[in-house]
Amino acid sequence: MIGRTLRWLLFLLTVLLLNLPVIVTVLTSLKTDADINASPPVWLFAPTLAHYRAVLDDPTLDFPRYLANSTVIAGGGTLLALALAVPAAYGMVRSGAGARLVLPLMVNLRAVPLVVFAIPFYLMYQVLGLLDTRLGLALIACIINLPLSLLIAVNAIAELPLEIEDAARVDGARTRVILARIVLPLARPMLISAGILGFITAWNEFLFGLILSTRNAVPVTVAATFFTTSFGVRWGDTAAAMVLSMAPPMVLGLVAARGIGSALTTGAVKG
Amino acid sequence: MPAPRVIRRREGWLLIAPLAAFLVLWLGFPFLTDVVYSVSQVGFTTLRQPRLSGFGHYAAVLRDAAFWHAMGFSFRYAAVETVVQVAAGLALAVALAPILSRHRFLLAFILLPLMIAPALNGLMYRLMLNDFVGIIPAYLGMLSLSPDLLSTGWVFVTVAAIDAVQNTPFTLLLVLAALQAIPGELRDAARVDGASAWQEFRRVVLPLLLPVLGIAGLVRFIDSFRVFDHIYVLTGGGPGNETTGISIYIYKAFFQQQQLGLAVAASMILLLLSLAALSLLMHRSLRGAVA
């Protein structure tokens, strides 16, 4: 009985410690400036949405645009990665092509820190006119997501039964049709998990956003840093901006926690 | 992978082709740029006409004390993160497994930090560490303590702790999954034979967890070695270059000091090092494919 109580206590403390920054930031974003500056810190207060209004309504900040940038970049990069990975995974699993070398090589690409390509990307994007564009950053998001998307797609397709496909093939269905009508629907739960995890990863990317965007395509992770420097001590607005920037991946993560958990485990263990 | 060959290899390669083409373009070209520029005389005005000039940039990097400092930081940092996150993840997974196996939805609250951008996490700690509004100085002050946690003596511990708190859920998750895969009969048998709880853990559970601990450690080492985001927003690599790891070194060399050749040569050195990690992972994958 004491053991059980201690275990729950440990669980609560762990959750509290792990999520303390989020808790503090959310509370700060809801405080008046007087409450933010109060010493000692106050934990009970009358909440206000003024900081959210300030962040979203101020046309000079352009915060809604940063949110839109991140949405387009992360969403586009994730979908493109899946569009490339699913047919390739099917080809690998069903024909054995590339399974010995190409697949492990791509899956283990994450061992290479992408910062080694940061400078070439900058130079290349300058030449191609992709600097400070959503398309340019979405292509980077796609690269970042490819290894895990491919791995999850391969695992999902390898588990599908062959009988339905065989029957369709006997009826004369082409591979394109089989992919669209049979493989995609059957592998959907796994692919959705891969997509959600990919979206979160891409949304949270910082380094390439910092290097490759200056104004038009700035994602929220980078935009949030503008706040702390340009605002000085306006911590309420800064906290509200941070909460808005974190909310989409956190909500997705909570909703799809189980799928993401198994996707993360697959990514590490089956690589 | 036991591949039932239901389509021809040729068709298989056709399906792989778009992915391969994208990778060749989007990774092959940057790679070639790295190779060529690292042995060329090139500046921002002569970007399109690099002149081959030998290995001078590499020599300059290897003579640069700041480079070795950055490499030292990255190694130390990655080693600390690996040990701390694997140990803490193991301990927490074992202690919390009874709760998390019975109430699976609670795992979401443990995984939540993994959903947050490391850059934003760093910014949140800027808020928590702020001298005027931060809760950490406020409560330390009540204990009559006022260490500057971002100053020379403390900054390594601070940035390392922030990372450990954010990423320990990952190792916890892996260990938890491995724990749940251990057949109950094994543990029952140990208990029937009179093993104490510690003996059961030490002799039965821990040996079965070793592979996953190794994988978790490898992944965390690789990711920690290239750390950038939360350190960049918290300290910018400082004070001085105290928290400048290899990623921040490359970033600063190019984007702040405009030393293109130096930055590219350092990138190549880091790339070669990461190929060592890559071959280690490949070894594991290929062995797994055969088994």
# chains A, B, ... in the order shown; residues from 1 in each chain; ligands from 1

$ interface_residues --of "chain A" --to "chain B" --cutoff "6 Å" --atoms "only C-alpha atoms" --output "PDB file with C-alpha atoms, in the first residue's frame"
ATOM      1  CA  VAL A  15       4.930  14.705 -14.699  1.00  0.00           C
ATOM      2  CA  LEU A  18       8.804  17.299 -17.015  1.00  0.00           C
ATOM      3  CA  PRO A  21       8.206  24.949 -18.301  1.00  0.00           C
ATOM      4  CA  ASN A  37       6.081  40.907 -11.882  1.00  0.00           C
ATOM      5  CA  LEU A  84       7.839   9.545 -51.768  1.00  0.00           C
ATOM      6  CA  PRO A  87       5.603   3.766 -53.108  1.00  0.00           C
ATOM      7  CA  ALA A  88       9.306   3.238 -52.402  1.00  0.00           C
ATOM      8  CA  GLY A  91       8.683  -1.461 -54.054  1.00  0.00           C
ATOM      9  CA  VAL A  93       9.006  -4.895 -49.577  1.00  0.00           C
ATOM     10  CA  ARG A  94       7.332  -6.541 -52.573  1.00  0.00           C
ATOM     11  CA  SER A  95      10.282  -6.789 -54.952  1.00  0.00           C
ATOM     12  CA  GLY A  96      13.207  -6.909 -52.559  1.00  0.00           C
ATOM     13  CA  ALA A  97      14.889  -4.109 -54.537  1.00  0.00           C
ATOM     14  CA  ALA A 111      23.158   9.724 -37.920  1.00  0.00           C
ATOM     15  CA  VAL A 112      24.339  12.545 -40.173  1.00  0.00           C
ATOM     16  CA  VAL A 116      26.867  19.740 -42.240  1.00  0.00           C
ATOM     17  CA  PHE A 117      24.653  20.632 -45.208  1.00  0.00           C
ATOM     18  CA  PRO A 120      25.469  24.229 -49.105  1.00  0.00           C
ATOM     19  CA  ASN A 204       9.585  21.949 -34.184  1.00  0.00           C
ATOM     20  CA  PRO A 249       2.145  19.858 -31.836  1.00  0.00           C
ATOM     21  CA  MET A 250       1.116  19.382 -28.209  1.00  0.00           C
ATOM     22  CA  LEU A 254      -1.914  14.283 -26.757  1.00  0.00           C
ATOM     23  CA  ALA A 257      -0.019   9.702 -28.018  1.00  0.00           C
ATOM     24  CA  THR A 265       9.759   2.981 -30.627  1.00  0.00           C
TER      25      THR A 265
END

$ select_by_dssp --residues "region 73-276 of chain B" --states "alpha helix (DSSP H)" --output "JSON, numbers by chain"
{"B": [73, 74, 75, 76, 77, 78, 79, 80, 81, 82, 83, 84, 85, 86, 87, 88, 89, 90, 91, 92, 93, 94, 95, 96, 97, 98, 99, 100, 101, 102, 107, 108, 109, 110, 111, 118, 119, 120, 121, 122, 123, 124, 125, 126, 127, 128, 129, 135, 136, 137, 138, 139, 140, 141, 142, 155, 156, 157, 158, 159, 160, 161, 162, 163, 164, 165, 166, 167, 168, 169, 170, 171, 172, 173, 174, 175, 176, 177, 178, 179, 180, 181, 184, 185, 186, 187, 188, 189, 190, 191, 192, 197, 198, 199, 206, 207, 208, 209, 210, 211, 212, 213, 214, 215, 216, 217, 218, 219, 220, 221, 222, 223, 224, 225, 229, 230, 231, 232, 233, 234, 246, 247, 248, 249, 250, 251, 260, 261, 262, 263, 264, 265, 266, 267, 268, 269, 270, 271, 272, 273, 274, 275, 276]}

$ write_last_selection --atoms "C-alpha atoms" --output "compact mmCIF listing (two decimals), in the first residue's frame"
# COMPACT_ATOMS: atom_id res chain seq x y z
CA PHE B 73 32.06 20.41 -25.63
CA SER B 74 30.02 18.23 -27.97
CA PHE B 75 31.68 15.02 -26.78
CA ARG B 76 31.37 15.90 -23.11
CA TYR B 77 27.82 17.08 -23.55
CA ALA B 78 26.75 13.99 -25.51
CA ALA B 79 28.40 11.65 -22.99
CA VAL B 80 26.67 13.34 -20.05
CA GLU B 81 23.28 13.39 -21.79
CA THR B 82 23.59 9.73 -22.78
CA VAL B 83 24.44 8.51 -19.28
CA VAL B 84 21.90 10.71 -17.50
CA GLN B 85 19.03 10.04 -19.90
CA VAL B 86 19.58 6.29 -20.09
CA ALA B 87 19.94 5.95 -16.30
CA ALA B 88 16.99 8.20 -15.51
CA GLY B 89 14.83 6.62 -18.22
CA LEU B 90 15.62 3.14 -16.91
CA ALA B 91 14.94 4.04 -13.28
CA LEU B 92 11.69 5.86 -14.05
CA ALA B 93 10.44 3.17 -16.44
CA VAL B 94 11.01 0.43 -13.89
CA ALA B 95 9.45 2.46 -11.08
CA LEU B 96 6.44 3.67 -13.08
CA ALA B 97 5.78 0.56 -15.20
CA PRO B 98 3.04 -0.77 -12.89
CA ILE B 99 1.15 2.52 -13.20
CA LEU B 100 1.75 3.08 -16.91
CA SER B 101 0.85 -0.50 -17.90
CA ARG B 102 -2.49 -0.29 -16.11
CA LEU B 107 1.85 7.89 -20.74
CA ALA B 108 0.74 10.89 -22.81
CA PHE B 109 1.64 13.26 -19.95
CA ILE B 110 5.12 11.77 -19.78
CA LEU B 111 5.61 12.05 -23.54
CA PRO B 118 13.74 22.39 -28.27
CA ALA B 119 14.09 26.04 -29.29
CA LEU B 120 10.81 26.94 -27.57
CA ASN B 121 11.84 24.84 -24.60
CA GLY B 122 14.98 26.95 -24.34
CA LEU B 123 12.89 30.12 -24.54
CA MET B 124 10.61 28.88 -21.76
CA TYR B 125 13.64 28.43 -19.54
CA ARG B 126 14.67 31.97 -20.38
CA LEU B 127 11.38 32.99 -18.85
CA MET B 128 11.88 30.70 -15.85
CA LEU B 129 15.47 31.86 -15.31
CA ILE B 135 10.36 31.40 -10.76
CA ILE B 136 13.79 29.76 -10.42
CA PRO B 137 15.65 32.86 -9.18
CA ALA B 138 12.57 33.79 -7.12
CA TYR B 139 12.51 30.52 -5.17
CA LEU B 140 16.29 30.22 -4.95
CA GLY B 141 16.24 33.75 -3.56
CA MET B 142 13.91 32.66 -0.77
CA VAL B 155 26.01 27.07 -17.59
CA PHE B 156 27.03 23.54 -18.63
CA VAL B 157 24.94 22.01 -15.87
CA THR B 158 22.00 24.25 -16.75
CA VAL B 159 21.85 23.54 -20.48
CA ALA B 160 22.52 19.82 -19.87
CA ALA B 161 19.76 19.58 -17.27
CA ILE B 162 17.24 21.31 -19.54
CA ASP B 163 18.00 18.81 -22.31
CA ALA B 164 17.84 15.84 -19.92
CA VAL B 165 14.42 16.90 -18.63
CA GLN B 166 13.08 17.26 -22.15
CA ASN B 167 14.45 14.02 -23.61
CA THR B 168 14.45 11.47 -20.79
CA PRO B 169 10.84 10.61 -21.79
CA PHE B 170 12.28 9.12 -24.99
CA THR B 171 14.55 6.63 -23.19
CA LEU B 172 11.76 5.98 -20.69
CA LEU B 173 9.41 5.11 -23.56
CA LEU B 174 11.88 2.67 -25.14
CA VAL B 175 12.67 0.94 -21.85
CA LEU B 176 8.99 0.74 -20.96
CA ALA B 177 8.17 -0.96 -24.27
CA ALA B 178 11.01 -3.44 -23.71
CA LEU B 179 9.88 -4.10 -20.13
CA GLN B 180 6.36 -4.87 -21.26
CA ALA B 181 7.72 -7.32 -23.82
CA GLY B 184 5.68 -12.69 -17.21
CA GLU B 185 6.64 -16.39 -16.81
CA LEU B 186 10.33 -15.47 -16.72
CA ARG B 187 9.84 -13.17 -13.77
CA ASP B 188 7.43 -15.57 -12.09
CA ALA B 189 9.99 -18.36 -12.40
CA ALA B 190 12.64 -16.22 -10.73
CA ARG B 191 10.27 -15.45 -7.89
CA VAL B 192 9.30 -19.09 -7.43
CA ALA B 197 13.07 -8.19 -6.06
CA TRP B 198 16.61 -6.85 -6.60
CA GLN B 199 17.91 -10.23 -7.76
CA LEU B 206 18.37 -6.04 -16.70
CA PRO B 207 20.11 -8.51 -19.06
CA LEU B 208 17.01 -8.52 -21.25
CA LEU B 209 16.99 -4.71 -21.31
CA LEU B 210 20.64 -4.31 -22.31
CA PRO B 211 20.03 -4.21 -26.10
CA VAL B 212 17.39 -1.49 -25.82
CA LEU B 213 19.56 0.49 -23.40
CA GLY B 214 22.32 0.35 -26.00
CA ILE B 215 20.02 1.59 -28.76
CA ALA B 216 18.56 4.34 -26.59
CA GLY B 217 22.07 5.45 -25.63
CA LEU B 218 23.27 5.48 -29.24
CA VAL B 219 20.30 7.55 -30.43
CA ARG B 220 20.65 10.01 -27.58
CA PHE B 221 24.42 10.34 -28.13
CA ILE B 222 23.97 11.11 -31.83
CA ASP B 223 21.24 13.67 -31.17
CA SER B 224 23.03 15.33 -28.25
CA PHE B 225 26.32 15.60 -30.13
CA ASP B 229 18.43 24.83 -30.67
CA HIS B 230 17.97 25.32 -26.94
CA ILE B 231 21.58 26.35 -26.34
CA TYR B 232 21.46 28.86 -29.19
CA VAL B 233 18.36 30.61 -27.82
CA LEU B 234 19.53 30.47 -24.20
CA ILE B 246 30.25 21.81 -33.06
CA SER B 247 26.91 22.82 -34.63
CA ILE B 248 27.03 26.30 -33.15
CA TYR B 249 30.71 26.55 -34.15
CA ILE B 250 29.85 25.89 -37.80
CA TYR B 251 26.87 28.25 -37.67
CA LEU B 260 33.07 30.18 -45.60
CA GLY B 261 36.07 27.89 -46.17
CA LEU B 262 36.60 27.24 -42.49
CA ALA B 263 32.92 26.48 -41.90
CA VAL B 264 32.70 24.11 -44.87
CA ALA B 265 35.87 22.25 -43.88
CA ALA B 266 34.54 21.86 -40.33
CA SER B 267 31.29 20.55 -41.83
CA MET B 268 33.25 17.95 -43.77
CA ILE B 269 35.11 16.83 -40.65
CA LEU B 270 31.81 16.49 -38.79
CA LEU B 271 30.38 14.60 -41.76
CA LEU B 272 33.27 12.12 -41.70
CA LEU B 273 32.77 11.61 -37.97
CA SER B 274 29.05 11.04 -38.42
CA LEU B 275 29.82 8.46 -41.11
CA ALA B 276 31.47 6.46 -38.34

$ residues_around --residues "Asp132 (chain A)" --least-positions-apart "5" --cutoff "8 Å" --atoms "only C-alpha atoms" --output "list in words"
Leu137, Leu212, Ser213, Thr214, Arg215, Asn216, Ala217 and Val218 of chain A

$ write_last_selection --atoms "C-alpha atoms" --output "compact mmCIF listing (two decimals), in the first residue's frame"
# COMPACT_ATOMS: atom_id res chain seq x y z
CA LEU A 137 11.65 24.97 -46.04
CA LEU A 212 17.01 29.89 -44.66
CA SER A 213 14.27 32.38 -43.80
CA THR A 214 14.39 36.06 -43.02
CA ARG A 215 10.90 37.53 -43.35
CA ASN A 216 8.27 35.88 -45.51
CA ALA A 217 8.66 32.21 -44.63
CA VAL A 218 9.74 32.49 -40.97

$ residues_around --residues "Ala224 (chain A)" --least-positions-apart "5" --cutoff "8 Å" --atoms "only C-alpha atoms" --output "list in words"
Thr238, Ala241, Met242 and Ser245 of chain A; Leu120 of chain B

$ atom_distance --atom1 "CA of Pro40 (chain A)" --atom2 "CA of Leu145 (chain B)"
14.6 Å

$ residues_around --residues "Thr78 (chain A)" --least-positions-apart "3" --cutoff "7 Å" --atoms "only C-alpha atoms" --output "list in words"
Ala74, Gly75, Ala81, Leu82, Ala141, Cys142, Asn145, Gly195, Gly198 and Phe199 of chain A

$ atom_distance --atom1 "CA of Ala66 (chain B)" --atom2 "CA of Val115 (chain A)"
17.6 Å

$ atom_distance --atom1 "CA of Ala83 (chain A)" --atom2 "CA of Pro64 (chain A)"
28.1 Å

$ closest_residue --among "A:Asn155, A:Pro185, A:Leu67, A:Leu44" --to "Val222 (chain A)" --atoms "only C-alpha atoms"
A:Leu67

$ residues_around --residues "region 158-175 of chain A" --least-positions-apart "2" --cutoff "8 Å" --atoms "only C-alpha atoms" --output "JSON, numbers by chain"
{"A": [93, 154, 155, 156, 177, 178, 179, 182, 183, 186, 187], "B": [1]}
